[in-house]
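**Q** Data: model-v5.csv, CSV, N, CA and C atoms and all ligand atoms.
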```csv
chain,number,residue,atom,x,y,z
Z,1,MET,N,107.5,102.0,85.0
Z,1,MET,CA,107.9,102.4,86.3
Z,1,MET,C,107.3,101.6,87.4
Z,2,LEU,N,108.0,100.7,88.0
Z,2,LEU,CA,107.4,99.7,88.9
Z,2,LEU,C,107.1,100.4,90.3
Z,3,PHE,N,107.8,101.4,90.6
Z,3,PHE,CA,107.7,101.9,92.0
Z,3,PHE,C,107.0,103.3,92.1
Z,4,GLU,N,106.3,103.7,91.1
Z,4,GLU,CA,105.5,104.9,91.3
Z,4,GLU,C,104.3,104.6,92.1
Z,5,LEU,N,103.7,105.7,92.8
Z,5,LEU,CA,102.7,105.5,93.7
Z,5,LEU,C,101.3,105.5,93.1
Z,6,TYR,N,101.1,106.0,92.0
Z,6,TYR,CA,99.8,106.1,91.4
Z,6,TYR,C,99.4,104.7,90.8
Z,7,PRO,N,98.1,104.4,90.8
Z,7,PRO,CA,97.6,103.2,90.2
Z,7,PRO,C,98.0,103.0,88.7
Z,8,LYS,N,98.3,101.8,88.3
Z,8,LYS,CA,98.7,101.6,86.9
Z,8,LYS,C,97.4,101.6,86.1
Z,9,GLU,N,97.5,101.8,84.8
Z,9,GLU,CA,96.3,101.9,83.9
Z,9,GLU,C,96.3,100.9,82.8
Z,10,SER,N,97.4,100.3,82.5
Z,10,SER,CA,97.5,99.3,81.4
Z,10,SER,C,98.1,98.0,81.9
Z,11,ARG,N,97.7,97.0,81.2
Z,11,ARG,CA,98.0,95.6,81.6
Z,11,ARG,C,99.6,95.4,81.5
Z,12,ARG,N,100.2,96.0,80.6
Z,12,ARG,CA,101.7,95.8,80.5
Z,12,ARG,C,102.5,96.4,81.6
Z,13,GLU,N,101.8,97.3,82.4
Z,13,GLU,CA,102.5,97.9,83.5
Z,13,GLU,C,102.3,97.1,84.8
Z,14,LEU,N,101.3,96.2,84.8
Z,14,LEU,CA,101.0,95.4,86.0
Z,14,LEU,C,101.7,94.1,86.0
Z,15,PHE,N,102.4,93.8,87.0
Z,15,PHE,CA,103.1,92.5,87.1
Z,15,PHE,C,102.2,91.4,87.6
Z,16,SER,N,102.1,90.3,86.9
Z,16,SER,CA,101.5,89.1,87.4
Z,16,SER,C,100.0,89.3,87.8
Z,17,ARG,N,99.3,90.0,86.9
Z,17,ARG,CA,97.8,90.2,87.2
Z,17,ARG,C,97.0,89.8,86.0
Z,18,ASP,N,97.6,89.1,85.0
Z,18,ASP,CA,96.8,88.8,83.8
Z,18,ASP,C,95.6,87.9,84.1
Z,19,ASP,N,95.9,86.9,85.0
Z,19,ASP,CA,94.8,86.0,85.3
Z,19,ASP,C,93.6,86.7,86.0
Z,20,VAL,N,93.9,87.5,87.0
Z,20,VAL,CA,92.8,88.2,87.7
Z,20,VAL,C,92.0,89.2,86.8
Z,21,ILE,N,92.8,89.9,85.9
Z,21,ILE,CA,92.2,90.8,85.0
Z,21,ILE,C,91.2,90.0,84.0
Z,22,ASP,N,91.7,88.9,83.5
Z,22,ASP,CA,90.9,88.1,82.6
Z,22,ASP,C,89.6,87.6,83.3
Z,23,TYR,N,89.8,87.1,84.6
Z,23,TYR,CA,88.7,86.6,85.3
Z,23,TYR,C,87.6,87.6,85.6
Z,24,ILE,N,88.0,88.9,86.0
Z,24,ILE,CA,87.1,89.9,86.2
Z,24,ILE,C,86.3,90.3,84.9
Z,25,LYS,N,87.0,90.3,83.8
Z,25,LYS,CA,86.4,90.6,82.5
Z,25,LYS,C,85.3,89.5,82.2
Z,26,ARG,N,85.7,88.3,82.4
Z,26,ARG,CA,84.7,87.2,82.1
Z,26,ARG,C,83.5,87.3,83.0
Z,27,GLN,N,83.7,87.7,84.3
Z,27,GLN,CA,82.5,87.8,85.2
Z,27,GLN,C,81.7,88.9,84.8
Z,28,ILE,N,82.2,90.1,84.4
Z,28,ILE,CA,81.4,91.2,83.9
Z,28,ILE,C,80.7,90.9,82.7
Z,29,HIS,N,81.3,90.2,81.7
Z,29,HIS,CA,80.6,89.8,80.5
Z,29,HIS,C,79.5,88.8,80.8
Z,30,ALA,N,79.6,88.1,81.9
Z,30,ALA,CA,78.6,87.1,82.2
Z,30,ALA,C,77.5,87.8,83.0
Z,31,GLY,N,77.6,89.1,83.3
Z,31,GLY,CA,76.6,89.8,84.1
Z,31,GLY,C,76.7,89.7,85.6
Z,32,ASN,N,77.8,89.2,86.1
Z,32,ASN,CA,78.0,89.0,87.5
Z,32,ASN,C,78.6,90.2,88.2
Z,33,TRP,N,78.3,90.4,89.4
Z,33,TRP,CA,79.0,91.4,90.2
Z,33,TRP,C,80.3,90.9,90.7
Z,34,VAL,N,81.3,91.8,90.8
Z,34,VAL,CA,82.6,91.4,91.2
Z,34,VAL,C,83.0,92.3,92.4
Z,35,VAL,N,83.4,91.6,93.5
Z,35,VAL,CA,83.9,92.3,94.7
Z,35,VAL,C,85.5,92.2,94.8
Z,36,ILE,N,86.1,93.3,94.9
Z,36,ILE,CA,87.6,93.2,95.0
Z,36,ILE,C,88.1,93.7,96.3
Z,37,THR,N,88.7,92.8,97.0
Z,37,THR,CA,89.2,93.1,98.4
Z,37,THR,C,90.7,92.8,98.4
Z,38,GLY,N,91.4,93.3,99.4
Z,38,GLY,CA,92.8,93.0,99.5
Z,38,GLY,C,93.5,94.0,100.4
Z,39,GLN,N,94.7,93.7,100.8
Z,39,GLN,CA,95.4,94.5,101.7
Z,39,GLN,C,95.8,95.8,101.0
Z,40,ARG,N,96.1,96.9,101.8
Z,40,ARG,CA,96.5,98.2,101.2
Z,40,ARG,C,97.6,98.0,100.2
Z,41,MET,N,97.4,98.8,99.1
Z,41,MET,CA,98.5,98.9,98.1
Z,41,MET,C,98.8,97.6,97.4
Z,42,ILE,N,97.9,96.6,97.4
Z,42,ILE,CA,98.1,95.4,96.7
Z,42,ILE,C,97.9,95.5,95.2
Z,43,GLY,N,97.1,96.5,94.9
Z,43,GLY,CA,96.9,96.8,93.4
Z,43,GLY,C,95.4,96.7,93.0
Z,44,LYS,N,94.5,96.9,94.0
Z,44,LYS,CA,93.1,96.8,93.7
Z,44,LYS,C,92.6,97.8,92.6
Z,45,THR,N,93.0,99.1,92.9
Z,45,THR,CA,92.6,100.2,92.0
Z,45,THR,C,93.2,100.0,90.6
Z,46,SER,N,94.5,99.5,90.6
Z,46,SER,CA,95.1,99.3,89.3
Z,46,SER,C,94.4,98.3,88.5
Z,47,VAL,N,94.1,97.2,89.1
Z,47,VAL,CA,93.4,96.1,88.4
Z,47,VAL,C,92.0,96.6,87.8
Z,48,VAL,N,91.3,97.4,88.7
Z,48,VAL,CA,90.0,97.9,88.2
Z,48,VAL,C,90.2,98.9,87.0
Z,49,LYS,N,91.2,99.7,87.1
Z,49,LYS,CA,91.5,100.6,86.0
Z,49,LYS,C,91.8,99.9,84.7
Z,50,VAL,N,92.7,98.9,84.8
Z,50,VAL,CA,93.0,98.1,83.6
Z,50,VAL,C,91.8,97.4,83.0
Z,51,VAL,N,91.0,96.8,83.9
Z,51,VAL,CA,89.8,96.2,83.4
Z,51,VAL,C,88.9,97.2,82.7
Z,52,LEU,N,88.6,98.3,83.3
Z,52,LEU,CA,87.7,99.3,82.7
Z,52,LEU,C,88.3,99.9,81.4
Z,53,ASN,N,89.6,100.1,81.3
Z,53,ASN,CA,90.2,100.6,80.1
Z,53,ASN,C,90.1,99.6,79.0
Z,54,GLU,N,90.3,98.3,79.3
Z,54,GLU,CA,90.2,97.3,78.3
Z,54,GLU,C,88.8,97.1,77.8
Z,55,LEU,N,87.8,97.1,78.7
Z,55,LEU,CA,86.4,97.0,78.3
Z,55,LEU,C,86.0,98.1,77.4
Z,56,ALA,N,86.5,99.3,77.8
Z,56,ALA,CA,86.1,100.5,77.0
Z,56,ALA,C,86.7,100.4,75.6
Z,57,SER,N,88.0,100.0,75.5
Z,57,SER,CA,88.6,99.9,74.2
Z,57,SER,C,88.1,98.8,73.4
Z,58,GLU,N,87.5,97.8,74.0
Z,58,GLU,CA,86.8,96.7,73.3
Z,58,GLU,C,85.4,97.0,73.0
Z,59,GLY,N,84.9,98.2,73.4
Z,59,GLY,CA,83.6,98.6,73.1
Z,59,GLY,C,82.5,98.0,73.9
Z,60,SER,N,82.9,97.5,75.1
Z,60,SER,CA,81.9,96.8,76.0
Z,60,SER,C,82.1,97.2,77.4
Z,61,GLY,N,81.9,98.5,77.7
Z,61,GLY,CA,82.0,99.0,79.0
Z,61,GLY,C,81.0,98.4,79.9
Z,62,PRO,N,81.2,98.3,81.2
Z,62,PRO,CA,80.4,97.6,82.1
Z,62,PRO,C,79.0,98.3,82.3
Z,63,CYS,N,78.9,99.5,81.9
Z,63,CYS,CA,77.7,100.3,82.1
Z,63,CYS,C,76.9,100.4,80.8
Z,64,THR,N,77.3,99.7,79.7
Z,64,THR,CA,76.6,99.9,78.5
Z,64,THR,C,75.7,98.7,78.3
H,101,LIG,N1,101.0,93.9,90.1
H,101,LIG,C1,101.5,95.1,90.1
H,101,LIG,N2,102.5,95.5,89.2
H,101,LIG,C2,103.0,96.7,89.2
H,101,LIG,N3,102.7,97.7,90.1
H,101,LIG,C3,101.8,97.4,91.1
H,101,LIG,C4,101.1,96.1,91.1
H,101,LIG,N4,100.3,96.1,92.2
H,101,LIG,C5,100.4,97.3,92.7
H,101,LIG,N5,101.3,98.1,92.1
H,101,LIG,C6,101.6,99.5,92.4
H,101,LIG,O1,101.4,99.6,93.8
H,101,LIG,C7,100.8,100.9,94.1
H,101,LIG,C8,99.5,100.6,94.7
H,101,LIG,O2,98.6,100.2,93.8
H,101,LIG,P1,97.0,100.5,93.9
H,101,LIG,O3,96.8,101.9,94.2
H,101,LIG,O4,96.4,100.0,92.6
H,101,LIG,O5,96.6,99.6,95.1
H,101,LIG,P2,95.3,99.6,96.0
H,101,LIG,O6,95.1,98.2,96.5
H,101,LIG,O7,94.2,100.2,95.2
H,101,LIG,O8,95.8,100.5,97.2
H,101,LIG,P3,94.8,101.1,98.3
H,101,LIG,O9,94.6,100.0,99.3
H,101,LIG,O10,95.7,102.2,98.9
H,101,LIG,O11,93.6,101.7,97.7
H,101,LIG,C9,100.7,101.6,92.8
H,101,LIG,O12,101.9,102.3,92.6
H,101,LIG,C10,100.6,100.5,91.8
H,101,LIG,O13,101.1,100.9,90.5
H,102,MG,MG,92.8,101.7,95.8
```
Could you write out this structure as structure tokens?
**A**
Amino acid sequence: MLFELYPKESRRELFSRDDVIDYIKRQIHAGNWVVITGQRMIGKTSVVKVVLNELASEGSGPCT
């Protein structure tokens, strides 16, 4: 569903964000802080949720 209002949780629901998701995961694995900014409703929360879900399912949450 492309036009629902809640943030997306999985990569396959997010359009054209593979590069930024992979970039954030690489930065977290490298131990770097990541700041996410952008205009309202651009998809910031969705990207963070996808990153956290993928890190958790890969057994490497950012807080472990
Ligand atoms: N790349 C995308 N593909 C599909 N849906 C998207 C994409 N980007 C944003 N959306 C959708 O747009 C809406 C807003 O996304 P989200 O809440 O993640 O944005 P946000 O930047 O965190 O917003 P806010 O500034 O209000 O916090 C949601 O319904 C989300 O699913
Ligand atoms: Mg948000």
**Q** Point out the residue among Z:Arg40, Z:Val51, Z:Ser57, Z:Phe3 with the least atom-to-atom distance to Asp22 (chain Z), counting only C-alpha atoms.
**A**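 The shortest atom-to-atom distance to Asp22 (chain Z) comes from Z:Val51.
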**Q** Using only C-alpha atoms, which protein or nucleic acid residues come within 12 Å of Glu13 (chain Z)? Drop anything in the same chain fewer than 5 positions from it, and give the result as a list of chain:residue names.
**A**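 Answer for this query is Z:Met1, Z:Leu2, Z:Phe3, Z:Glu4, Z:Tyr6, Z:Pro7, Z:Lys8, Z:Asp18, Z:Gly43, Z:Ser46, Z:Val47, Z:Lys49, Z:Val50.
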**Q** Residues within 7 Å of ligand MG 102 (chain H) should be enumerated using only C-alpha atoms and all ligand atoms and returned as a list in words.
**A**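 Residues satisfying the distance criterion: Met41, Gly43, Lys44 and Thr45 of chain Z.
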**Q** What does the distance from atom O11 of ligand LIG 101 (chain H) to atom N of Arg26 (chain Z) come to in Å, to one decimal?
**A**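 Pair atom O11 of ligand LIG 101 (chain H) / atom N of Arg26 (chain Z) returns 21.8 Å.
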**Q** Can you tell me how far atom O4 of ligand LIG 101 (chain H) sits from CA of Gly31 (chain Z), in Å to one decimal?
**A** 23.8 Å
**Q** Between Z:Asn53, Z:Glu58, Z:Gly38, Z:His29, single out the one closest to ligand LIG 101 (chain H), counting all atoms listed in the file.
**A**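 That would be Z:Gly38, the residue with the smallest distance to ligand LIG 101 (chain H).
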**Q** By how many Å are atom O6 of ligand LIG 101 (chain H) and atom N of Lys25 (chain Z) apart?
**A** 17.0 Å
**Q** I'd like to know which of Z:Val48, Z:Leu55, Z:Ile42, Z:Ile24 is closest to ligand LIG 101 (chain H), using only N, CA and C atoms and all ligand atoms.
**A**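 For ligand LIG 101 (chain H), the nearest of the candidates is Z:Ile42.
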**Q** Let me make sure I understand: among Z:Val20, Z:Gly59, Z:Val34, Z:Gln39, which one has the smallest atom-to-atom distance to ligand LIG 101 (chain H) if we use all atoms listed in the file?
**A**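 Nearest candidate to ligand LIG 101 (chain H) out of Z:Val20, Z:Gly59, Z:Val34, Z:Gln39: Z:Gln39.
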**Q** Return the single residue from Z:Ile28, Z:Glu54, Z:Tyr23, Z:Thr37 that is closest to ligand LIG 101 (chain H), with distances computed using all atoms listed in the file.
**A**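 Under the stated criterion, the closest residue is Z:Thr37.
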**Q** Z:Leu14, Z:Glu9, Z:Asn32, Z:Ala56: which is nearest ligand LIG 101 (chain H), counting only C-alpha atoms and all ligand atoms?
**A**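 Of Z:Leu14, Z:Glu9, Z:Asn32, Z:Ala56, the one nearest ligand LIG 101 (chain H), counting only C-alpha atoms and all ligand atoms, is Z:Leu14.
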**Q** Among chain Z, which ones does DSSP place in alpha helix (DSSP H), written as a compact mmCIF listing (two decimals) with N, CA and C atoms, in the coordinates of the input?
**A**
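Writing done, so here's states_11.txt:
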```txt
# COMPACT_ATOMS: atom_id res chain seq x y z
N ASP Z 18 97.60 89.10 85.00
CA ASP Z 18 96.80 88.80 83.80
C ASP Z 18 95.60 87.90 84.10
N ASP Z 19 95.90 86.90 85.00
CA ASP Z 19 94.80 86.00 85.30
C ASP Z 19 93.60 86.70 86.00
N VAL Z 20 93.90 87.50 87.00
CA VAL Z 20 92.80 88.20 87.70
C VAL Z 20 92.00 89.20 86.80
N ILE Z 21 92.80 89.90 85.90
CA ILE Z 21 92.20 90.80 85.00
C ILE Z 21 91.20 90.00 84.00
N ASP Z 22 91.70 88.90 83.50
CA ASP Z 22 90.90 88.10 82.60
C ASP Z 22 89.60 87.60 83.30
N TYR Z 23 89.80 87.10 84.60
CA TYR Z 23 88.70 86.60 85.30
C TYR Z 23 87.60 87.60 85.60
N ILE Z 24 88.00 88.90 86.00
CA ILE Z 24 87.10 89.90 86.20
C ILE Z 24 86.30 90.30 84.90
N LYS Z 25 87.00 90.30 83.80
CA LYS Z 25 86.40 90.60 82.50
C LYS Z 25 85.30 89.50 82.20
N ARG Z 26 85.70 88.30 82.40
CA ARG Z 26 84.70 87.20 82.10
C ARG Z 26 83.50 87.30 83.00
N GLN Z 27 83.70 87.70 84.30
CA GLN Z 27 82.50 87.80 85.20
C GLN Z 27 81.70 88.90 84.80
N ILE Z 28 82.20 90.10 84.40
CA ILE Z 28 81.40 91.20 83.90
C ILE Z 28 80.70 90.90 82.70
N HIS Z 29 81.30 90.20 81.70
CA HIS Z 29 80.60 89.80 80.50
C HIS Z 29 79.50 88.80 80.80
N LYS Z 44 94.50 96.90 94.00
CA LYS Z 44 93.10 96.80 93.70
C LYS Z 44 92.60 97.80 92.60
N THR Z 45 93.00 99.10 92.90
CA THR Z 45 92.60 100.20 92.00
C THR Z 45 93.20 100.00 90.60
N SER Z 46 94.50 99.50 90.60
CA SER Z 46 95.10 99.30 89.30
C SER Z 46 94.40 98.30 88.50
N VAL Z 47 94.10 97.20 89.10
CA VAL Z 47 93.40 96.10 88.40
C VAL Z 47 92.00 96.60 87.80
N VAL Z 48 91.30 97.40 88.70
CA VAL Z 48 90.00 97.90 88.20
C VAL Z 48 90.20 98.90 87.00
N LYS Z 49 91.20 99.70 87.10
CA LYS Z 49 91.50 100.60 86.00
C LYS Z 49 91.80 99.90 84.70
N VAL Z 50 92.70 98.90 84.80
CA VAL Z 50 93.00 98.10 83.60
C VAL Z 50 91.80 97.40 83.00
N VAL Z 51 91.00 96.80 83.90
CA VAL Z 51 89.80 96.20 83.40
C VAL Z 51 88.90 97.20 82.70
N LEU Z 52 88.60 98.30 83.30
CA LEU Z 52 87.70 99.30 82.70
C LEU Z 52 88.30 99.90 81.40
N ASN Z 53 89.60 100.10 81.30
CA ASN Z 53 90.20 100.60 80.10
C ASN Z 53 90.10 99.60 79.00
N GLU Z 54 90.30 98.30 79.30
CA GLU Z 54 90.20 97.30 78.30
C GLU Z 54 88.80 97.10 77.80
N LEU Z 55 87.80 97.10 78.70
CA LEU Z 55 86.40 97.00 78.30
C LEU Z 55 86.00 98.10 77.40
N ALA Z 56 86.50 99.30 77.80
CA ALA Z 56 86.10 100.50 77.00
C ALA Z 56 86.70 100.40 75.60
N SER Z 57 88.00 100.00 75.50
CA SER Z 57 88.60 99.90 74.20
C SER Z 57 88.10 98.80 73.40
```
